[in-house]
>>> print(open('entry07.txt').read())   # compact mmCIF, C-alpha atoms
# COMPACT_ATOMS: atom_id res chain seq x y z
CA MET A 1 -132.75 15.48 -67.73
CA LYS A 2 -131.54 15.63 -71.31
CA LYS A 3 -128.59 13.46 -70.34
CA SER A 4 -130.74 10.69 -68.87
CA VAL A 5 -132.87 10.64 -72.03
CA ALA A 6 -129.73 10.29 -74.11
CA VAL A 7 -128.48 7.41 -71.95
CA PHE A 8 -131.86 5.72 -72.19
CA LEU A 9 -131.85 6.03 -76.01
CA LEU A 10 -128.31 4.67 -76.13
CA ILE A 11 -129.28 1.59 -74.13
CA MET A 12 -132.37 1.11 -76.28
CA ALA A 13 -130.32 1.37 -79.45
CA MET A 14 -127.88 -1.21 -78.12
CA THR A 15 -130.63 -3.57 -77.12
CA MET A 16 -132.03 -3.26 -80.64
CA THR A 17 -128.73 -4.24 -82.26
CA VAL A 18 -128.67 -7.18 -79.92
CA VAL A 19 -132.12 -8.32 -81.04
CA VAL A 20 -131.10 -8.06 -84.71
CA PHE A 21 -127.92 -9.99 -83.98
CA GLN A 22 -129.82 -12.79 -82.27
CA ALA A 23 -132.35 -13.09 -85.08
CA ARG A 24 -129.50 -13.50 -87.54
CA ALA A 25 -127.75 -16.10 -85.43
CA GLN A 26 -130.87 -18.23 -85.27
CA GLU A 27 -130.93 -18.84 -89.04
CA ASP A 28 -128.03 -21.24 -88.86
CA PRO A 29 -127.52 -22.22 -85.26
CA PHE A 30 -124.91 -24.91 -85.90
CA SER A 31 -122.93 -23.14 -88.64
CA ASP A 32 -119.48 -24.74 -88.51
CA GLU A 33 -119.84 -27.67 -86.16
CA GLY A 34 -117.77 -30.76 -86.75
CA ILE A 35 -120.00 -33.79 -86.31
CA ASP A 36 -117.46 -36.52 -86.75
CA GLU A 37 -114.01 -36.89 -85.22
CA GLN A 38 -112.91 -33.73 -83.48
CA GLU A 39 -109.31 -32.86 -84.10
CA GLN A 40 -106.98 -33.70 -81.27
CA ILE A 41 -105.35 -30.82 -79.49
CA GLU A 42 -101.72 -31.49 -78.82
CA VAL A 43 -99.91 -28.98 -76.65
CA ALA A 44 -96.37 -29.59 -75.50
CA ASP A 45 -95.83 -30.35 -71.84
CA PRO A 46 -92.09 -30.01 -71.25
CA LEU A 47 -92.66 -29.08 -67.60
CA GLU A 48 -94.62 -32.24 -66.86
CA PRO A 49 -92.73 -33.27 -63.70
CA TRP A 50 -93.17 -29.77 -62.21
CA ASN A 51 -96.76 -29.60 -63.46
CA ARG A 52 -97.66 -32.93 -61.89
CA LEU A 53 -96.19 -31.74 -58.62
CA MET A 54 -98.22 -28.52 -58.77
CA PHE A 55 -101.29 -30.56 -59.69
CA GLN A 56 -100.76 -32.59 -56.52
CA PHE A 57 -100.30 -29.41 -54.54
CA ASN A 58 -103.55 -27.92 -55.88
CA ASP A 59 -105.37 -31.19 -55.27
CA ARG A 60 -104.34 -31.12 -51.58
CA LEU A 61 -105.08 -27.40 -51.35
CA TYR A 62 -108.59 -28.11 -52.62
CA PHE A 63 -109.38 -31.06 -50.36
CA TRP A 64 -107.60 -29.83 -47.24
CA VAL A 65 -108.27 -26.10 -47.32
CA LEU A 66 -110.55 -24.71 -50.03
CA LYS A 67 -113.31 -27.29 -49.88
CA PRO A 68 -113.75 -27.30 -46.09
CA VAL A 69 -113.70 -23.48 -46.02
CA ALA A 70 -116.18 -23.29 -48.91
CA LYS A 71 -118.43 -25.80 -47.17
CA GLY A 72 -118.45 -23.75 -43.96
CA TYR A 73 -119.12 -20.65 -46.04
CA SER A 74 -122.06 -22.39 -47.79
CA PHE A 75 -123.46 -23.18 -44.38
CA VAL A 76 -123.58 -19.48 -43.52
CA PHE A 77 -124.65 -18.13 -46.91
CA PRO A 78 -127.56 -19.84 -48.67
CA GLN A 79 -127.21 -20.67 -52.35
CA ASP A 80 -129.22 -17.68 -53.55
CA ALA A 81 -126.85 -15.32 -51.73
CA ARG A 82 -123.84 -17.06 -53.23
CA VAL A 83 -125.31 -16.82 -56.72
CA ALA A 84 -125.88 -13.09 -56.10
CA ILE A 85 -122.25 -12.68 -54.97
CA ARG A 86 -121.08 -14.53 -58.08
CA ASN A 87 -123.18 -12.14 -60.19
CA PHE A 88 -121.65 -9.15 -58.39
CA PHE A 89 -118.10 -10.26 -59.26
CA HIS A 90 -119.06 -11.12 -62.81
CA ASN A 91 -120.46 -7.61 -63.21
CA LEU A 92 -117.36 -6.10 -61.59
CA PHE A 93 -115.12 -7.85 -64.14
CA THR A 94 -117.03 -6.35 -67.10
CA PRO A 95 -114.02 -4.24 -68.24
CA ILE A 96 -112.00 -7.42 -68.93
CA ARG A 97 -114.69 -8.89 -71.17
CA LEU A 98 -115.66 -5.61 -72.82
CA VAL A 99 -112.12 -4.61 -73.79
CA ASN A 100 -111.37 -8.10 -75.14
CA ASP A 101 -114.58 -8.03 -77.19
CA VAL A 102 -113.37 -4.79 -78.74
CA LEU A 103 -109.83 -6.15 -79.27
CA GLN A 104 -111.32 -9.07 -81.20
CA GLY A 105 -113.57 -6.76 -83.21
CA LYS A 106 -116.71 -8.26 -81.69
CA LEU A 107 -118.45 -4.92 -81.33
CA ASP A 108 -121.96 -6.34 -81.08
CA ARG A 109 -120.83 -8.30 -78.02
CA ALA A 110 -119.08 -5.27 -76.55
CA ALA A 111 -122.36 -3.36 -76.88
CA LYS A 112 -124.17 -6.22 -75.21
CA GLU A 113 -121.65 -6.29 -72.35
CA PHE A 114 -122.04 -2.55 -71.90
CA ALA A 115 -125.84 -2.82 -71.88
CA ARG A 116 -125.61 -5.68 -69.35
CA PHE A 117 -123.34 -3.57 -67.14
CA CYS A 118 -125.72 -0.57 -67.25
CA VAL A 119 -128.81 -2.64 -66.52
CA ASN A 120 -127.28 -4.87 -63.85
CA THR A 121 -125.46 -2.08 -62.00
CA THR A 122 -128.64 0.00 -61.74
CA ALA A 123 -131.73 -2.22 -61.89
CA GLY A 124 -129.71 -5.20 -60.68
CA VAL A 125 -128.34 -3.27 -57.67
CA PHE A 126 -124.52 -3.21 -58.15
CA GLY A 127 -124.71 -6.38 -60.19
CA PHE A 128 -126.00 -8.71 -57.48
CA ASN A 129 -129.04 -9.45 -59.58
CA ASP A 130 -128.52 -10.51 -63.20
CA VAL A 131 -131.72 -8.90 -64.48
CA ALA A 132 -130.19 -8.39 -67.93
CA ALA A 133 -130.02 -12.16 -68.47
CA ARG A 134 -133.30 -12.96 -66.79
CA GLU A 135 -135.57 -10.21 -68.04
CA LEU A 136 -133.93 -9.08 -71.27
CA ASN A 137 -132.27 -12.38 -72.25
CA LEU A 138 -128.98 -10.49 -72.60
CA LYS A 139 -126.26 -13.14 -72.41
CA VAL A 140 -122.72 -12.99 -73.79
CA PRO A 141 -119.97 -15.61 -73.79
CA ASP A 142 -116.99 -14.62 -71.61
CA GLU A 143 -113.91 -13.20 -73.27
CA ASP A 144 -110.42 -12.72 -71.84
CA PHE A 145 -106.99 -11.71 -73.08
CA GLY A 146 -105.87 -15.32 -73.52
CA GLN A 147 -108.75 -15.80 -75.95
CA THR A 148 -107.86 -12.56 -77.74
CA LEU A 149 -104.31 -13.86 -78.29
CA GLY A 150 -105.76 -17.15 -79.50
CA HIS A 151 -108.17 -15.29 -81.78
CA TYR A 152 -105.18 -13.75 -83.57
CA GLY A 153 -103.56 -17.14 -84.05
CA MET A 154 -101.22 -17.36 -81.07
CA GLY A 155 -100.77 -20.94 -79.89
CA HIS A 156 -100.63 -22.09 -76.29
CA GLY A 157 -96.84 -22.53 -76.36
CA PHE A 158 -96.80 -25.12 -73.62
CA TYR A 159 -98.95 -26.27 -70.74
CA ILE A 160 -98.32 -24.92 -67.23
CA VAL A 161 -99.97 -25.68 -63.91
CA TRP A 162 -99.65 -22.77 -61.51
CA PRO A 163 -99.96 -23.29 -57.77
CA VAL A 164 -103.35 -21.99 -56.56
CA LEU A 165 -104.35 -20.70 -60.04
CA GLY A 166 -104.38 -24.17 -61.63
CA PRO A 167 -104.13 -25.20 -65.29
CA SER A 168 -102.86 -22.64 -67.79
CA SER A 169 -100.46 -22.25 -70.70
CA LEU A 170 -97.78 -19.81 -71.71
CA ARG A 171 -100.32 -17.91 -73.81
CA ASP A 172 -103.00 -17.92 -71.14
CA THR A 173 -100.47 -16.76 -68.53
CA PHE A 174 -99.80 -13.68 -70.67
CA GLY A 175 -103.56 -13.46 -70.88
CA LEU A 176 -103.93 -13.46 -67.11
CA ILE A 177 -101.40 -10.65 -66.78
CA GLY A 178 -103.28 -8.64 -69.41
CA ASP A 179 -106.59 -9.23 -67.66
CA LEU A 180 -105.09 -8.13 -64.35
CA MET A 181 -104.58 -4.65 -65.88
CA LEU A 182 -108.29 -4.43 -66.64
CA ASP A 183 -109.37 -5.90 -63.33
CA PRO A 184 -110.89 -3.26 -61.00
CA LEU A 185 -109.56 -5.24 -58.02
CA SER A 186 -106.01 -4.35 -59.13
CA TYR A 187 -106.74 -0.70 -58.45
CA ILE A 188 -107.84 -0.82 -54.82
CA ASN A 189 -105.38 -1.14 -51.91
CA ALA A 190 -103.58 -4.46 -51.57
CA GLU A 191 -105.29 -5.51 -48.36
CA GLN A 192 -108.81 -4.95 -49.67
CA SER A 193 -107.88 -6.55 -52.95
CA LEU A 194 -106.64 -9.71 -51.22
CA MET A 195 -109.81 -9.90 -49.16
CA MET A 196 -112.07 -9.48 -52.19
CA ARG A 197 -110.14 -12.11 -54.14
CA SER A 198 -110.39 -14.54 -51.25
CA VAL A 199 -114.16 -14.04 -51.07
CA TYR A 200 -114.35 -14.48 -54.84
CA THR A 201 -112.37 -17.73 -54.74
CA ILE A 202 -114.30 -19.23 -51.83
CA ASN A 203 -117.63 -18.17 -53.30
CA THR A 204 -116.79 -19.64 -56.71
CA THR A 205 -115.55 -22.86 -55.12
CA SER A 206 -118.71 -23.18 -53.02
CA LEU A 207 -120.80 -23.20 -56.22
CA LYS A 208 -118.62 -25.85 -57.86
CA ILE A 209 -118.24 -28.41 -55.08
CA GLY A 210 -118.48 -31.87 -56.58
CA GLU A 211 -117.28 -31.00 -60.09
CA TYR A 212 -113.61 -31.80 -59.48
CA GLU A 213 -114.58 -34.86 -57.43
CA ASP A 214 -116.68 -36.19 -60.35
CA LEU A 215 -113.86 -35.62 -62.81
CA LYS A 216 -111.39 -37.41 -60.56
CA LYS A 217 -113.76 -40.30 -60.04
CA GLY A 218 -114.15 -40.88 -63.79
CA ALA A 219 -110.48 -40.39 -64.63
CA LEU A 220 -107.71 -42.98 -64.83
CA ASP A 221 -105.08 -40.24 -64.92
CA PRO A 222 -106.64 -37.09 -63.40
CA TYR A 223 -103.64 -34.96 -64.43
CA ILE A 224 -104.10 -35.83 -68.13
CA SER A 225 -107.88 -35.56 -67.83
CA VAL A 226 -107.69 -32.02 -66.41
CA GLN A 227 -105.05 -30.99 -68.93
CA ASP A 228 -107.14 -32.20 -71.87
CA ALA A 229 -110.36 -30.73 -70.47
CA TYR A 230 -108.61 -27.38 -70.06
CA LEU A 231 -107.31 -27.39 -73.62
CA GLN A 232 -110.60 -28.53 -75.18
CA TYR A 233 -112.52 -25.96 -73.15
CA ARG A 234 -110.19 -23.11 -74.10
CA LEU A 235 -110.39 -24.09 -77.78
CA GLU A 236 -114.17 -23.99 -77.62
CA GLN A 237 -114.08 -20.60 -75.88
CA THR A 238 -111.75 -19.10 -78.50
CA ARG A 239 -114.04 -20.34 -81.25
CA LYS A 240 -117.12 -18.70 -79.77
CA MET B 1 -160.96 -58.11 -101.87
CA LYS B 2 -160.77 -58.05 -98.11
CA ASN B 3 -157.52 -59.97 -98.24
CA ILE B 4 -155.99 -57.46 -100.61
CA ALA B 5 -156.92 -54.61 -98.29
CA ARG B 6 -155.38 -56.51 -95.39
CA LEU B 7 -152.23 -57.12 -97.43
CA CYS B 8 -152.02 -53.40 -98.25
CA VAL B 9 -152.22 -52.51 -94.57
CA LEU B 10 -149.57 -55.10 -93.77
CA ILE B 11 -147.21 -53.78 -96.46
CA ALA B 12 -147.76 -50.22 -95.27
CA ALA B 13 -147.01 -51.26 -91.70
CA MET B 14 -143.84 -53.03 -92.80
CA LEU B 15 -142.70 -50.02 -94.80
CA ILE B 16 -143.19 -47.81 -91.77
CA LEU B 17 -141.20 -50.19 -89.61
CA VAL B 18 -138.41 -50.66 -92.12
CA ASN B 19 -138.10 -47.12 -93.44
CA PRO B 20 -135.60 -45.35 -91.17
CA ALA B 21 -136.89 -41.93 -92.23
CA LEU B 22 -140.14 -42.68 -90.46
CA ALA B 23 -138.48 -43.88 -87.28
CA SER B 24 -137.75 -41.19 -84.68
CA GLY B 25 -134.88 -38.78 -85.33
CA PRO B 26 -131.80 -38.25 -83.15
CA LEU B 27 -133.25 -35.43 -81.04
CA GLU B 28 -136.46 -37.32 -80.42
CA THR B 29 -134.58 -40.51 -79.53
CA LEU B 30 -132.39 -38.66 -77.07
CA LYS B 31 -135.28 -36.74 -75.54
CA ASP B 32 -137.28 -39.95 -75.08
CA ALA B 33 -134.35 -41.55 -73.26
CA VAL B 34 -133.82 -38.52 -71.00
CA ASP B 35 -137.57 -38.39 -70.29
CA ASP B 36 -137.50 -42.09 -69.39
CA VAL B 37 -134.72 -41.44 -66.88
CA ILE B 38 -136.55 -38.48 -65.35
CA GLU B 39 -139.66 -40.65 -65.14
CA ILE B 40 -137.68 -43.29 -63.22
CA LEU B 41 -136.34 -40.66 -60.82
CA LYS B 42 -139.88 -39.44 -60.16
CA LYS B 43 -141.36 -42.87 -59.41
CA PRO B 44 -142.27 -42.94 -55.73
CA GLU B 45 -141.63 -46.70 -55.47
CA LEU B 46 -138.02 -46.15 -56.61
CA LYS B 47 -137.23 -43.17 -54.38
CA GLY B 48 -134.98 -43.14 -51.34
CA PRO B 49 -131.68 -44.84 -50.52
CA GLU B 50 -133.37 -48.20 -49.78
CA HIS B 51 -134.30 -48.49 -53.49
CA GLU B 52 -130.94 -47.37 -54.81
CA GLU B 53 -130.11 -50.69 -56.45
CA GLU B 54 -133.47 -50.98 -58.25
CA ARG B 55 -133.32 -47.36 -59.33
CA LYS B 56 -129.80 -47.74 -60.66
CA ARG B 57 -130.78 -50.85 -62.57
CA ALA B 58 -133.72 -49.06 -64.19
CA ILE B 59 -131.57 -46.06 -65.16
CA ARG B 60 -128.82 -48.32 -66.47
CA GLU B 61 -131.38 -50.09 -68.63
CA ALA B 62 -132.79 -46.82 -70.03
CA VAL B 63 -129.29 -45.43 -70.69
CA SER B 64 -127.99 -48.53 -72.47
CA ARG B 65 -130.91 -48.34 -74.91
CA VAL B 66 -129.50 -45.10 -76.33
CA PHE B 67 -125.76 -45.24 -75.48
CA ASP B 68 -123.48 -47.21 -77.78
CA PHE B 69 -120.75 -48.15 -75.27
CA ARG B 70 -118.91 -50.28 -77.80
CA GLU B 71 -118.57 -47.34 -80.18
CA MET B 72 -117.43 -45.09 -77.32
CA ALA B 73 -114.86 -47.64 -76.19
CA LYS B 74 -113.63 -48.11 -79.74
CA ARG B 75 -113.21 -44.39 -80.34
CA SER B 76 -111.55 -43.90 -76.96
CA LEU B 77 -108.96 -46.54 -77.75
CA SER B 78 -108.64 -45.46 -81.42
CA ARG B 79 -105.70 -47.23 -83.07
CA TYR B 80 -105.09 -49.59 -80.15
CA TRP B 81 -108.58 -51.05 -80.71
CA ARG B 82 -107.44 -52.63 -83.98
CA LYS B 83 -104.83 -54.75 -82.24
CA LEU B 84 -107.36 -56.40 -79.92
CA ASP B 85 -109.11 -59.69 -80.59
CA ASP B 86 -112.87 -60.11 -80.09
CA LYS B 87 -112.55 -61.38 -76.58
CA GLN B 88 -110.28 -58.53 -75.50
CA ARG B 89 -112.65 -56.02 -77.10
CA GLU B 90 -115.62 -57.46 -75.27
CA GLU B 91 -113.73 -57.29 -71.99
CA PHE B 92 -112.63 -53.72 -72.61
CA VAL B 93 -116.15 -52.51 -73.51
CA GLU B 94 -117.49 -53.98 -70.26
CA LEU B 95 -114.77 -52.36 -68.13
CA TYR B 96 -115.31 -49.02 -69.88
CA ARG B 97 -119.07 -49.22 -69.48
CA GLY B 98 -118.59 -49.96 -65.78
CA LEU B 99 -116.33 -46.92 -65.35
CA LEU B 100 -118.82 -44.60 -67.05
CA GLU B 101 -121.75 -45.99 -65.11
CA ARG B 102 -120.05 -45.69 -61.75
CA THR B 103 -119.10 -42.11 -62.56
CA TYR B 104 -122.23 -40.81 -64.18
CA LEU B 105 -125.18 -42.71 -62.68
CA LYS B 106 -124.92 -40.58 -59.56
CA ARG B 107 -124.56 -37.50 -61.71
CA ILE B 108 -127.78 -38.37 -63.57
CA GLU B 109 -129.70 -38.34 -60.29
CA ALA B 110 -129.01 -34.59 -60.10
CA TYR B 111 -131.12 -34.15 -63.26
CA GLN B 112 -134.16 -33.54 -61.11
CA ASN B 113 -132.90 -30.08 -60.16
CA GLU B 114 -131.92 -29.25 -63.70
CA ARG B 115 -133.81 -28.16 -66.77
CA ILE B 116 -132.83 -29.37 -70.22
CA VAL B 117 -133.47 -27.26 -73.29
CA TYR B 118 -133.21 -29.03 -76.65
CA LYS B 119 -131.71 -26.58 -79.11
CA GLY B 120 -131.88 -28.70 -82.24
CA GLU B 121 -130.33 -31.48 -84.27
CA ARG B 122 -128.09 -31.71 -87.29
CA ILE B 123 -127.80 -34.83 -89.37
CA ARG B 124 -125.05 -35.69 -91.81
CA ASP B 125 -125.43 -39.15 -93.35
CA ARG B 126 -125.37 -41.60 -90.48
CA TYR B 127 -124.02 -39.11 -87.94
CA ALA B 128 -125.98 -36.55 -85.95
CA LEU B 129 -125.36 -33.81 -83.44
CA VAL B 130 -128.01 -32.88 -80.88
CA LYS B 131 -127.46 -29.62 -79.01
CA THR B 132 -128.88 -29.13 -75.56
CA ILE B 133 -128.44 -26.67 -72.71
CA VAL B 134 -128.62 -27.79 -69.12
CA ILE B 135 -129.82 -25.07 -66.77
CA THR B 136 -128.79 -25.79 -63.20
CA ASP B 137 -130.41 -24.61 -59.99
CA LYS B 138 -127.43 -22.24 -59.65
CA GLN B 139 -128.53 -20.32 -62.76
CA VAL B 140 -125.67 -21.72 -64.79
CA GLU B 141 -126.23 -22.70 -68.41
CA ILE B 142 -124.09 -25.62 -69.56
CA PRO B 143 -124.04 -26.48 -73.26
CA VAL B 144 -124.15 -30.27 -73.66
CA ASP B 145 -123.93 -31.76 -77.15
CA TYR B 146 -124.59 -35.39 -77.99
CA LYS B 147 -123.04 -37.10 -80.98
CA LEU B 148 -125.10 -39.93 -82.37
CA ILE B 149 -124.62 -42.65 -84.93
CA LYS B 150 -127.37 -44.48 -86.79
CA ARG B 151 -127.66 -48.17 -86.01
CA GLU B 152 -130.19 -50.77 -87.12
CA LYS B 153 -132.21 -50.24 -83.97
CA GLY B 154 -132.05 -46.46 -84.23
CA TRP B 155 -129.88 -43.50 -83.22
CA MET B 156 -127.29 -44.22 -80.54
CA VAL B 157 -125.06 -41.78 -78.61
CA TYR B 158 -121.31 -42.29 -79.04
CA ASP B 159 -119.97 -39.09 -77.44
CA VAL B 160 -121.06 -36.38 -75.03
CA VAL B 161 -119.50 -32.94 -75.32
CA ILE B 162 -119.86 -30.77 -72.21
CA GLU B 163 -118.83 -27.12 -72.66
CA GLY B 164 -116.70 -28.12 -75.61
CA VAL B 165 -115.02 -31.00 -73.75
CA SER B 166 -115.58 -34.30 -75.52
CA LEU B 167 -115.74 -37.26 -73.17
CA VAL B 168 -114.34 -39.64 -75.78
CA ASN B 169 -111.45 -37.30 -76.63
CA ASN B 170 -110.66 -36.92 -72.93
CA TYR B 171 -110.49 -40.69 -72.44
CA ARG B 172 -108.50 -41.11 -75.65
CA LYS B 173 -105.81 -38.79 -74.29
CA GLN B 174 -105.69 -40.64 -70.97
CA PHE B 175 -105.66 -44.12 -72.53
CA LYS B 176 -102.97 -43.13 -75.01
CA SER B 177 -100.79 -41.71 -72.25
CA ILE B 178 -101.23 -44.78 -70.05
CA ILE B 179 -100.55 -47.27 -72.85
CA ARG B 180 -97.42 -45.32 -73.84
CA ARG B 181 -96.11 -45.29 -70.29
CA SER B 182 -96.93 -48.92 -69.53
CA SER B 183 -98.93 -51.12 -71.90
CA TYR B 184 -102.45 -52.10 -72.89
CA ASP B 185 -102.43 -54.70 -70.12
CA GLY B 186 -101.43 -51.95 -67.71
CA LEU B 187 -104.50 -49.95 -68.81
CA VAL B 188 -106.80 -52.93 -68.28
CA LYS B 189 -105.28 -53.44 -64.85
CA MET B 190 -105.99 -49.81 -63.94
CA LEU B 191 -109.58 -50.12 -65.16
CA ARG B 192 -109.99 -53.22 -62.98
CA GLN B 193 -108.54 -51.46 -59.94
CA LYS B 194 -110.94 -48.56 -60.49
CA GLN B 195 -113.77 -51.10 -60.22
CA ASN B 196 -113.16 -51.73 -56.55
>>> encode(input="entry07.txt", output="structure tokens")
Amino acid sequence: MKKSVAVFLLIMAMTMTVVVFQARAQEDPFSDEGIDEQEQIEVADPLEPWNRLMFQFNDRLYFWVLKPVAKGYSFVFPQDARVAIRNFFHNLFTPIRLVNDVLQGKLDRAAKEFARFCVNTTAGVFGFNDVAARELNLKVPDEDFGQTLGHYGMGHGFYIVWPVLGPSSLRDTFGLIGDLMLDPLSYINAEQSLMMRSVYTINTTSLKIGEYEDLKKGALDPYISVQDAYLQYRLEQTRK
Amino acid sequence: MKNIARLCVLIAAMLILVNPALASGPLETLKDAVDDVIEILKKPELKGPEHEEERKRAIREAVSRVFDFREMAKRSLSRYWRKLDDKQREEFVELYRGLLERTYLKRIEAYQNERIVYKGERIRDRYALVKTIVITDKQVEIPVDYKLIKREKGWMVYDVVIEGVSLVNNYRKQFKSIIRRSSYDGLVKMLRQKQN
């Protein structure tokens, strides 16, 4: 009994810090935003021939395998169910975000992640329901080990396209390996892990059908477009 | 006496029209344009595939009132823009506008299932940044920022930044890479091929 009261108080205290943090952030919502020309991100691409080949491979993999499978999957599971499954995985991967918050000294965010995990695992039934975001307005930007390395000034090194995994860089590949250590799916048996990861990939793809198609339609050189989008997006994430 | 009063009203009206501070700000301009588009999508006489052409024309019209395609094209070409003569520039702006329209007009039609939250605006001289969040029907929140520049007729968008990815920067990278590999004429040829 005493224990549950203590846990309750802890969550309350964390929610309070969150409220204070938000109030402070609202004073200057656009603190250091560049309005004019954004700086260009130049990252070396010495592996370009290999990368373009892998890009082709992933393109085919998407159109020939992933997309048809994801479409069939969407037919069986309605969108609400797929959103719930996405929420479940997001909740499951909390350790990755939480530890990287701490590594970057963003303790307020770590507290928020922890509060989200407590609320969503219990009230949100194993994370399927993101009640923390909906009812408590508890939202935190995602962190990962690649961002942590970037936070401490490590550059991308060079750009790499991995088969299946897609666009990355030397830095973000180290990041992926780091995140794998914190990923609960690395600690269950290999067979189950593979199954869970497949579900995760198909579910994620099913919620993003059309995005890659749009990008390709608007691009003159889809390889360069994806590369630049990846680098701009990662820069923005590291800044947050 | 009556004439003087009339003159005063006239002068006041002119001041209001001329004074840019009294014209609508960047956020308001953008919101009006987005509302116009949503209005078009809601019109029953423009709904359905049989009215696609009319609907597209109406959206195109509403979008071009607030999008400065020339400025976008210029920034996307950056230093290569300077080497072009007026005729080449005109041609390039039209090709670029066509590419954006073909890509994004369909995308705009999805706006009906999305909610847009206007977070605020920031103005620095003749530049402005309007921050918005698009909330999709999949419970995803996408930050979309618009960069605007002040023109005689009001604020005009010259870049859209989706989740930190600037559209103009993305095209600049592609154009630069294509021109380096082939030439400016090669780029124009690719834009033309994309048209069909």
>>> residues_around(input="entry07.txt", residues="stretch 166-183 of chain B", least_positions_apart="5", cutoff="10 Å", atoms="only C-alpha atoms", output="NGL selection string")
(:A and (37-42 or 218-229 or 232-233)) or (:B and (71-80 or 96 or 144-147 or 158-161 or 188-190))
>>> atom_distance(input="entry07.txt", atom1="atom CA of A:Asn203", atom2="atom CA of A:Arg82")
6.3 Å
>>> closest_residue(input="entry07.txt", among="B:Asn196, B:Thr103, B:Gln112, B:Thr132", to="chain A", atoms="only C-alpha atoms")
B:Thr103
>>> residues_around(input="entry07.txt", residues="A:Leu231", least_positions_apart="6", cutoff="10 Å", atoms="all atoms listed in the file", output="VMD selection string")
(chain A and resid 40 to 43 156 159 167 to 169 237) or (chain B and resid 164 to 165)
>>> atom_distance(input="entry07.txt", atom1="atom CA of A:Leu207", atom2="atom CA of B:Asp137")
10.4 Å
>>> atom_distance(input="entry07.txt", atom1="atom CA of B:Lys31", atom2="atom CA of A:Tyr230")
28.8 Å
>>> closest_atom_pairs(input="entry07.txt", of="stretch 125-174 of chain B", to="stretch 127-147 of chain A", cutoff="12 Å", atoms="only C-alpha atoms", output="JSON lines")
{"residue": "B:Gln139", "atom": "CA", "partner": "A:Arg134", "partner_atom": "CA", "distance": 9.7}
{"residue": "B:Val140", "atom": "CA", "partner": "A:Ala133", "partner_atom": "CA", "distance": 11.1}
{"residue": "B:Glu141", "atom": "CA", "partner": "A:Lys139", "partner_atom": "CA", "distance": 10.4}
{"residue": "B:Ile142", "atom": "CA", "partner": "A:Pro141", "partner_atom": "CA", "distance": 11.6}
{"residue": "B:Pro143", "atom": "CA", "partner": "A:Pro141", "partner_atom": "CA", "distance": 11.6}
{"residue": "B:Glu163", "atom": "CA", "partner": "A:Pro141", "partner_atom": "CA", "distance": 11.6}
>>> residues_around(input="entry07.txt", residues="A:Leu66", least_positions_apart="3", cutoff="12 Å", atoms="all atoms listed in the file", output="list in words")
Asn58, Asp59, Arg60, Leu61, Tyr62, Phe63, Val69, Ala70, Lys71, Gly72, Tyr73, Ser74, Val164, Ser198, Val199, Tyr200, Thr201, Ile202, Asn203, Thr204, Thr205, Ser206, Lys208 and Ile209 of chain A
>>> closest_residue(input="entry07.txt", among="A:Phe57, A:Trp64, A:Phe89, A:Phe75", to="A:Arg197", atoms="only C-alpha atoms")
A:Phe89
>>> closest_residue(input="entry07.txt", among="A:Arg86, A:Arg116, A:His151, A:Arg171", to="chain B", atoms="all atoms listed in the file")
A:Arg86
>>> residues_around(input="entry07.txt", residues="B:Glu94", least_positions_apart="4", cutoff="9 Å", atoms="all atoms listed in the file", output="list in words")
Phe69, Arg70, Arg89, Glu90, Gly98 and Leu99 of chain B
>>> closest_residue(input="entry07.txt", among="A:Val76, A:Ile85, A:Leu47, A:Leu170", to="chain B", atoms="all atoms listed in the file")
A:Ile85
>>> residues_around(input="entry07.txt", residues="B:Gly25", least_positions_apart="3", cutoff="12 Å", atoms="only C-alpha atoms", output="PyMOL selection string")
chain B and resi 20-22+28-32+120-123+126-130+148-151+153-156
>>> closest_residue(input="entry07.txt", among="A:Gln79, A:Asn189, A:Gln56, A:Thr121", to="chain B", atoms="only C-alpha atoms")
A:Gln79
>>> axis_aligned_box(input="entry07.txt", around="stretch 213-231 of chain A", padding_each_side="6 Å", output="AutoDock Vina command-line options")
--center_x -110.2 --center_y -35.2 --center_z -65.5 --size_x 25.0 --size_y 27.6 --size_z 28.2
>>> closest_residue(input="entry07.txt", among="A:Ala110, A:Leu185, A:Val83, A:Pro68", to="chain B", atoms="only C-alpha atoms")
A:Val83
>>> decode(input="entry07.txt", residues="stretch 80-93 of chain B", atoms="C-alpha atoms", output="PDB file, in the first residue's frame")
ATOM      1  CA  TYR B  80      23.052  28.914 -61.528  1.00  0.00           C
ATOM      2  CA  TRP B  81      20.078  31.318 -61.602  1.00  0.00           C
ATOM      3  CA  ARG B  82      22.422  34.265 -62.184  1.00  0.00           C
ATOM      4  CA  LYS B  83      23.690  32.825 -65.450  1.00  0.00           C
ATOM      5  CA  LEU B  84      20.214  32.616 -66.994  1.00  0.00           C
ATOM      6  CA  ASP B  85      18.626  35.291 -69.158  1.00  0.00           C
ATOM      7  CA  ASP B  86      15.039  36.466 -68.595  1.00  0.00           C
ATOM      8  CA  LYS B  87      13.565  34.053 -71.061  1.00  0.00           C
ATOM      9  CA  GLN B  88      15.374  31.062 -69.577  1.00  0.00           C
ATOM     10  CA  ARG B  89      14.296  32.122 -66.093  1.00  0.00           C
ATOM     11  CA  GLU B  90      10.673  32.385 -67.142  1.00  0.00           C
ATOM     12  CA  GLU B  91      10.843  28.938 -68.708  1.00  0.00           C
ATOM     13  CA  PHE B  92      12.481  27.437 -65.640  1.00  0.00           C
ATOM     14  CA  VAL B  93       9.927  28.933 -63.211  1.00  0.00           C
TER      15      VAL B  93
END
